[in-house]
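K.L.:
So here's target.tsv (TSV, C-alpha atoms).
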chain	number	residue	atom	x	y	z
I	598	MET	CA	-17.61	43.45	-6.66
I	599	THR	CA	-20.59	43.25	-8.96
I	600	SER	CA	-21.04	45.30	-12.06
I	601	THR	CA	-24.39	46.00	-13.58
I	602	ALA	CA	-24.59	45.70	-17.31
I	603	PRO	CA	-26.62	48.40	-19.00
I	604	ALA	CA	-30.18	47.29	-19.58
I	605	SER	CA	-30.91	46.38	-23.16
I	606	LYS	CA	-33.56	48.19	-25.12
I	607	PRO	CA	-36.94	46.49	-24.59
I	608	ARG	CA	-38.22	44.60	-27.59
I	609	VAL	CA	-41.50	45.48	-29.22
I	610	PRO	CA	-43.83	42.51	-28.64
I	611	ALA	CA	-45.15	40.75	-31.74
I	612	ARG	CA	-48.76	41.40	-30.67
I	613	ALA	CA	-48.11	45.13	-31.14
I	614	TRP	CA	-47.95	44.44	-34.90
I	615	LEU	CA	-51.28	42.55	-35.01
I	616	ARG	CA	-53.56	45.59	-35.11
I	617	PRO	CA	-51.62	47.36	-37.92
I	618	ALA	CA	-51.50	44.14	-39.94
I	619	LEU	CA	-55.26	43.72	-39.60
I	620	MET	CA	-55.77	47.36	-40.59
I	621	LEU	CA	-53.74	46.83	-43.76
I	622	LEU	CA	-55.44	43.55	-44.59
I	623	GLY	CA	-58.93	44.92	-44.01
I	624	GLY	CA	-58.17	48.07	-45.99
I	625	ALA	CA	-56.70	46.07	-48.88
I	626	LEU	CA	-59.77	43.80	-49.02
I	627	ALA	CA	-62.17	46.75	-48.90
I	628	ALA	CA	-60.20	48.60	-51.58
I	629	LEU	CA	-60.19	45.48	-53.75
I	630	LEU	CA	-63.97	45.20	-53.44
I	631	PHE	CA	-64.39	48.83	-54.50
I	632	VAL	CA	-62.08	48.30	-57.47
I	633	GLN	CA	-64.23	45.32	-58.52
I	634	VAL	CA	-67.28	47.58	-58.74
I	635	ASP	CA	-65.37	50.34	-60.57
I	636	GLN	CA	-65.25	52.73	-57.60
I	637	HIS	CA	-61.58	53.65	-57.95
I	638	LEU	CA	-61.73	56.91	-56.00
I	639	ALA	CA	-63.35	55.19	-53.01
I	640	ALA	CA	-60.78	52.38	-53.26
I	641	LEU	CA	-57.96	54.92	-53.21
I	642	ALA	CA	-59.46	56.74	-50.21
I	643	ILE	CA	-59.88	53.48	-48.28
I	644	GLY	CA	-56.35	52.41	-49.17
I	645	VAL	CA	-54.83	55.69	-47.99
I	646	PHE	CA	-56.91	55.66	-44.81
I	647	SER	CA	-55.94	52.08	-43.98
I	648	LEU	CA	-52.25	52.92	-44.54
I	649	PHE	CA	-52.55	55.87	-42.18
I	650	MET	CA	-54.35	53.84	-39.52
I	651	ALA	CA	-51.84	51.00	-39.81
I	652	TYR	CA	-49.03	53.50	-39.23
I	653	TRP	CA	-50.87	55.25	-36.38
I	654	THR	CA	-51.50	51.98	-34.51
I	655	SER	CA	-48.03	50.51	-35.16
I	656	PRO	CA	-44.82	50.68	-33.16
I	657	LEU	CA	-43.31	52.64	-36.08
I	658	ARG	CA	-44.97	55.82	-34.80
I	659	SER	CA	-42.48	57.36	-32.43
I	660	GLY	CA	-44.55	60.03	-30.70
I	661	PRO	CA	-43.30	62.19	-27.84
I	662	HIS	CA	-40.56	60.75	-25.64
I	663	VAL	CA	-38.45	61.96	-22.75
I	664	PRO	CA	-36.14	59.47	-21.01
I	665	LEU	CA	-37.54	58.35	-17.65
I	666	ALA	CA	-34.58	59.72	-15.66
I	667	ALA	CA	-35.03	63.17	-17.26
I	668	ALA	CA	-38.80	63.03	-16.68
I	669	GLN	CA	-38.31	62.17	-13.00
I	670	ALA	CA	-35.76	64.96	-12.62
I	671	ARG	CA	-38.20	67.40	-14.24
I	672	ALA	CA	-40.96	66.26	-11.88
I	673	ARG	CA	-38.68	66.76	-8.84
I	674	GLU	CA	-37.54	70.20	-10.01
I	675	ALA	CA	-41.03	71.45	-10.86
I	676	ALA	CA	-40.93	73.94	-7.96
I	677	GLY	CA	-44.50	73.65	-6.72
I	678	LYS	CA	-45.95	72.67	-10.09
I	679	HIS	CA	-47.12	69.09	-10.31
I	680	VAL	CA	-45.75	67.18	-13.31
I	681	THR	CA	-47.39	63.92	-14.38
I	682	ILE	CA	-45.28	61.29	-16.14
I	683	VAL	CA	-47.24	59.20	-18.63
I	684	LEU	CA	-45.75	55.85	-19.65
I	685	TRP	CA	-47.03	54.93	-23.11
I	686	ALA	CA	-46.25	52.58	-25.99
I	687	PRO	CA	-46.75	52.94	-29.73
I	688	GLY	CA	-49.30	50.43	-30.93
I	689	ASP	CA	-51.24	50.56	-27.66
I	690	PRO	CA	-54.80	51.76	-28.35
I	691	GLY	CA	-55.18	53.52	-25.00
I	692	SER	CA	-51.93	55.39	-25.50
I	693	ALA	CA	-52.98	56.42	-29.01
I	694	ARG	CA	-56.37	57.69	-27.77
I	695	LEU	CA	-54.76	59.70	-24.98
I	696	GLN	CA	-52.20	61.27	-27.31
I	697	ALA	CA	-54.86	62.08	-29.91
I	698	ALA	CA	-56.93	63.82	-27.24
I	699	ILE	CA	-53.95	65.81	-25.90
I	700	ARG	CA	-52.38	67.13	-29.09
I	701	SER	CA	-50.51	70.15	-27.87
I	702	PRO	CA	-47.52	70.02	-25.52
I	703	ARG	CA	-48.38	70.61	-21.86
I	704	GLU	CA	-46.02	71.69	-19.10
I	705	ASP	CA	-47.71	69.37	-16.61
I	706	LEU	CA	-47.28	66.18	-18.74
I	707	VAL	CA	-44.14	64.28	-19.69
I	708	TRP	CA	-44.48	61.37	-22.15
I	709	VAL	CA	-42.13	58.37	-21.77
I	710	ASN	CA	-42.12	55.68	-24.49
I	711	VAL	CA	-41.57	52.32	-22.74
I	712	PHE	CA	-40.18	50.74	-25.93
I	713	LYS	CA	-37.38	53.33	-26.09
I	714	ASP	CA	-36.44	53.41	-22.40
I	715	PRO	CA	-35.41	50.21	-20.56
I	716	ALA	CA	-35.87	51.85	-17.14
I	717	ALA	CA	-39.42	52.89	-18.04
I	718	HIS	CA	-40.18	49.38	-19.30
I	719	GLU	CA	-38.88	47.94	-16.01
I	720	LEU	CA	-41.00	50.41	-14.02
I	721	LEU	CA	-44.06	49.49	-16.07
I	722	THR	CA	-43.38	45.81	-15.38
I	723	ARG	CA	-43.37	46.52	-11.63
I	724	TYR	CA	-46.82	48.12	-11.94
I	725	GLY	CA	-48.35	45.18	-13.84
I	726	GLY	CA	-46.89	45.27	-17.34
I	727	GLU	CA	-48.31	46.40	-20.65
I	728	ARG	CA	-51.91	45.85	-19.61
I	729	MET	CA	-51.50	48.96	-17.42
I	730	LEU	CA	-50.74	51.27	-20.39
I	731	PRO	CA	-51.03	54.19	-20.42
I	732	LEU	CA	-49.77	54.56	-16.86
I	733	ALA	CA	-49.74	57.96	-15.17
I	734	LEU	CA	-47.27	58.66	-12.37
I	735	GLN	CA	-47.30	61.65	-10.08
I	736	GLY	CA	-45.21	61.61	-6.93
I	737	GLU	CA	-45.85	58.22	-5.33
I	738	ASP	CA	-49.23	57.82	-7.04
I	739	ALA	CA	-49.75	55.68	-10.14
I	740	ALA	CA	-52.89	54.91	-12.14
I	741	HIS	CA	-53.95	53.21	-15.35
I	742	ILE	CA	-55.60	55.91	-17.46
I	743	ASP	CA	-58.30	55.13	-20.05
I	744	ASN	CA	-59.16	58.66	-21.19
I	745	VAL	CA	-58.38	62.33	-20.71
I	746	SER	CA	-61.00	62.90	-18.03
I	747	GLU	CA	-59.42	60.11	-15.94
I	748	LEU	CA	-56.00	61.71	-16.43
I	749	PHE	CA	-57.27	65.10	-15.28
I	750	ALA	CA	-59.07	63.51	-12.30
I	751	PHE	CA	-55.85	61.68	-11.38
I	752	GLN	CA	-53.90	64.94	-11.58
I	753	ASP	CA	-56.48	66.75	-9.45
I	754	GLU	CA	-56.43	63.98	-6.83
I	755	ALA	CA	-52.63	63.92	-6.70
I	756	ARG	CA	-52.54	67.72	-6.36
I	757	ARG	CA	-54.92	67.67	-3.41
I	758	PRO	CA	-53.14	68.72	-0.19
I	759	GLY	CA	-52.19	65.72	1.91
I	760	SER	CA	-52.22	63.19	-0.93
I	761	PRO	CA	-49.20	60.88	-1.25
I	762	GLY	CA	-48.01	62.82	-4.31
I	763	ASP	CA	-48.19	66.11	-2.44
I	764	GLY	CA	-45.47	67.25	-0.07
I	765	ALA	CA	-47.88	68.88	2.36
I	766	ALA	CA	-49.40	66.92	5.22
I	767	PRO	CA	-53.14	67.02	5.90
I	768	ASP	CA	-54.27	69.69	8.31
I	769	PHE	CA	-55.59	67.86	11.40
I	770	PRO	CA	-56.59	69.30	14.76
I	771	ALA	CA	-54.47	68.46	17.83
I	772	ASP	CA	-56.62	65.48	18.89
I	773	GLY	CA	-55.92	63.69	15.58
I	774	GLU	CA	-59.46	63.86	14.22
I	775	PRO	CA	-60.19	65.64	10.93
I	776	GLY	CA	-61.72	69.04	11.48
I	777	ASP	CA	-65.30	69.88	10.54
I	778	PRO	CA	-65.21	71.69	7.15
I	779	ARG	CA	-68.41	73.61	8.01
I	780	PRO	CA	-68.04	77.14	9.40
Output the file's structure as structure tokens, nothing else.
P.N.:
Amino acid sequence: MTSTAPASKPRVPARAWLRPALMLLGGALAALLFVQVDQHLAALAIGVFSLFMAYWTSPLRSGPHVPLAAAQARAREAAGKHVTIVLWAPGDPGSARLQAAIRSPREDLVWVNVFKDPAAHELLTRYGGERMLPLALQGEDAAHIDNVSELFAFQDEARRPGSPGDGAAPDFPADGEPGDPRP
């Protein structure tokens, strides 16, 4: 009899801290230059902005998160509404852009942080790893998403009747050939 140990929480890779560290370093250098030329207000503004950007691009920013199992259950129970699961990671620029573009909660999107959920991290690994972030899943379809228009196009494609993410089969005539859409 084999027992499965619970998966440990995925570790945040060290490279996720590179961008925030560079933001802080660059901001500190720019602020120092402005202090040298007696532009204290500009130095303060640059310092505050670099602190904000370092936080925004770091793994410290938690963002929205639903456990993968709950997200999959929600997608199954959507009762005719298509729910897209988006795997994301704090510190990933693509994930940050997508979340900045979609600020308000949406019923058709569920956000899963791969650094908080071992099952989501494992699923992401099966699809190619962190280079695939953010990864959108709908039914059996999956796609790397670079921007909001790609996300909406992916959702539209997955909602199309007969697609793998849709429960309905395509409407074919008896001989097996697609019908002519013209009247």
K.L.:
Just to confirm, what's the straight-line distance from CA of Ala613 in chain I to CA of Asp689 in chain I in Å (one decimal)?
P.N.:
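Going from CA of Ala613 in chain I over to CA of Asp689 in chain I, I get 7.2 Å.
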K.L.:
Find the residues around range 616-627 of chain I up to 6 Å (all atoms listed in the file counted), leave out those fewer than 6 positions away in its own chain, and share them as a list in words.
P.N.:
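My list of contacting residues is Gly644, Ser647, Ala651, Thr654 and Ser655 of chain I.
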K.L.:
Excluding Gln696 in chain I and residues on its chain fewer than 3 positions from it, collect all residues at most 12 Å away from it, counting all atoms listed in the file, and give them as a ChimeraX atom specification.
P.N.:
/I:653-654,658-662,683-693,699-703,706-710,731,742-745,748
K.L.:
Can you work out the spacing between CA of Gly725 in chain I and CA of Ala750 in chain I in Å, to one decimal?
P.N.:
21.3 Å
K.L.:
Could you tell me how far CA of Leu732 in chain I sits from CA of Arg608 in chain I, in Å to one decimal place?
P.N.:
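So the answer is 18.6 Å.
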K.L.:
Pick out the closest residue to Thr681 in chain I from this set: I:Leu629, I:Ala611, I:Leu638, I:Leu665. Count all atoms listed in the file.
P.N.:
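Of I:Leu629, I:Ala611, I:Leu638, I:Leu665, the one nearest Thr681 in chain I is I:Leu665, counting all atoms listed in the file.
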K.L.:
Under the rule that only C-alpha atoms are counted, which of I:Asp635, I:Glu674, I:Asp714, I:Glu719 is the nearest residue to Gly736 in chain I?
P.N.:
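Under the stated criterion, the closest residue is I:Glu674.
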K.L.:
Quick one: residues within 7 Å of range 667-673 of chain I, only C-alpha atoms counted, chain neighbours fewer than 6 positions away excluded, as a ChimeraX atom specification?
P.N.:
/I:679-680,682,707
K.L.:
I'd like to know which of I:Ala739, I:Ser746, I:His637, I:Arg612 is closest to Ala698 in chain I, using only C-alpha atoms.
P.N.:
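Smallest separation from Ala698 in chain I among the options: I:Ser746.
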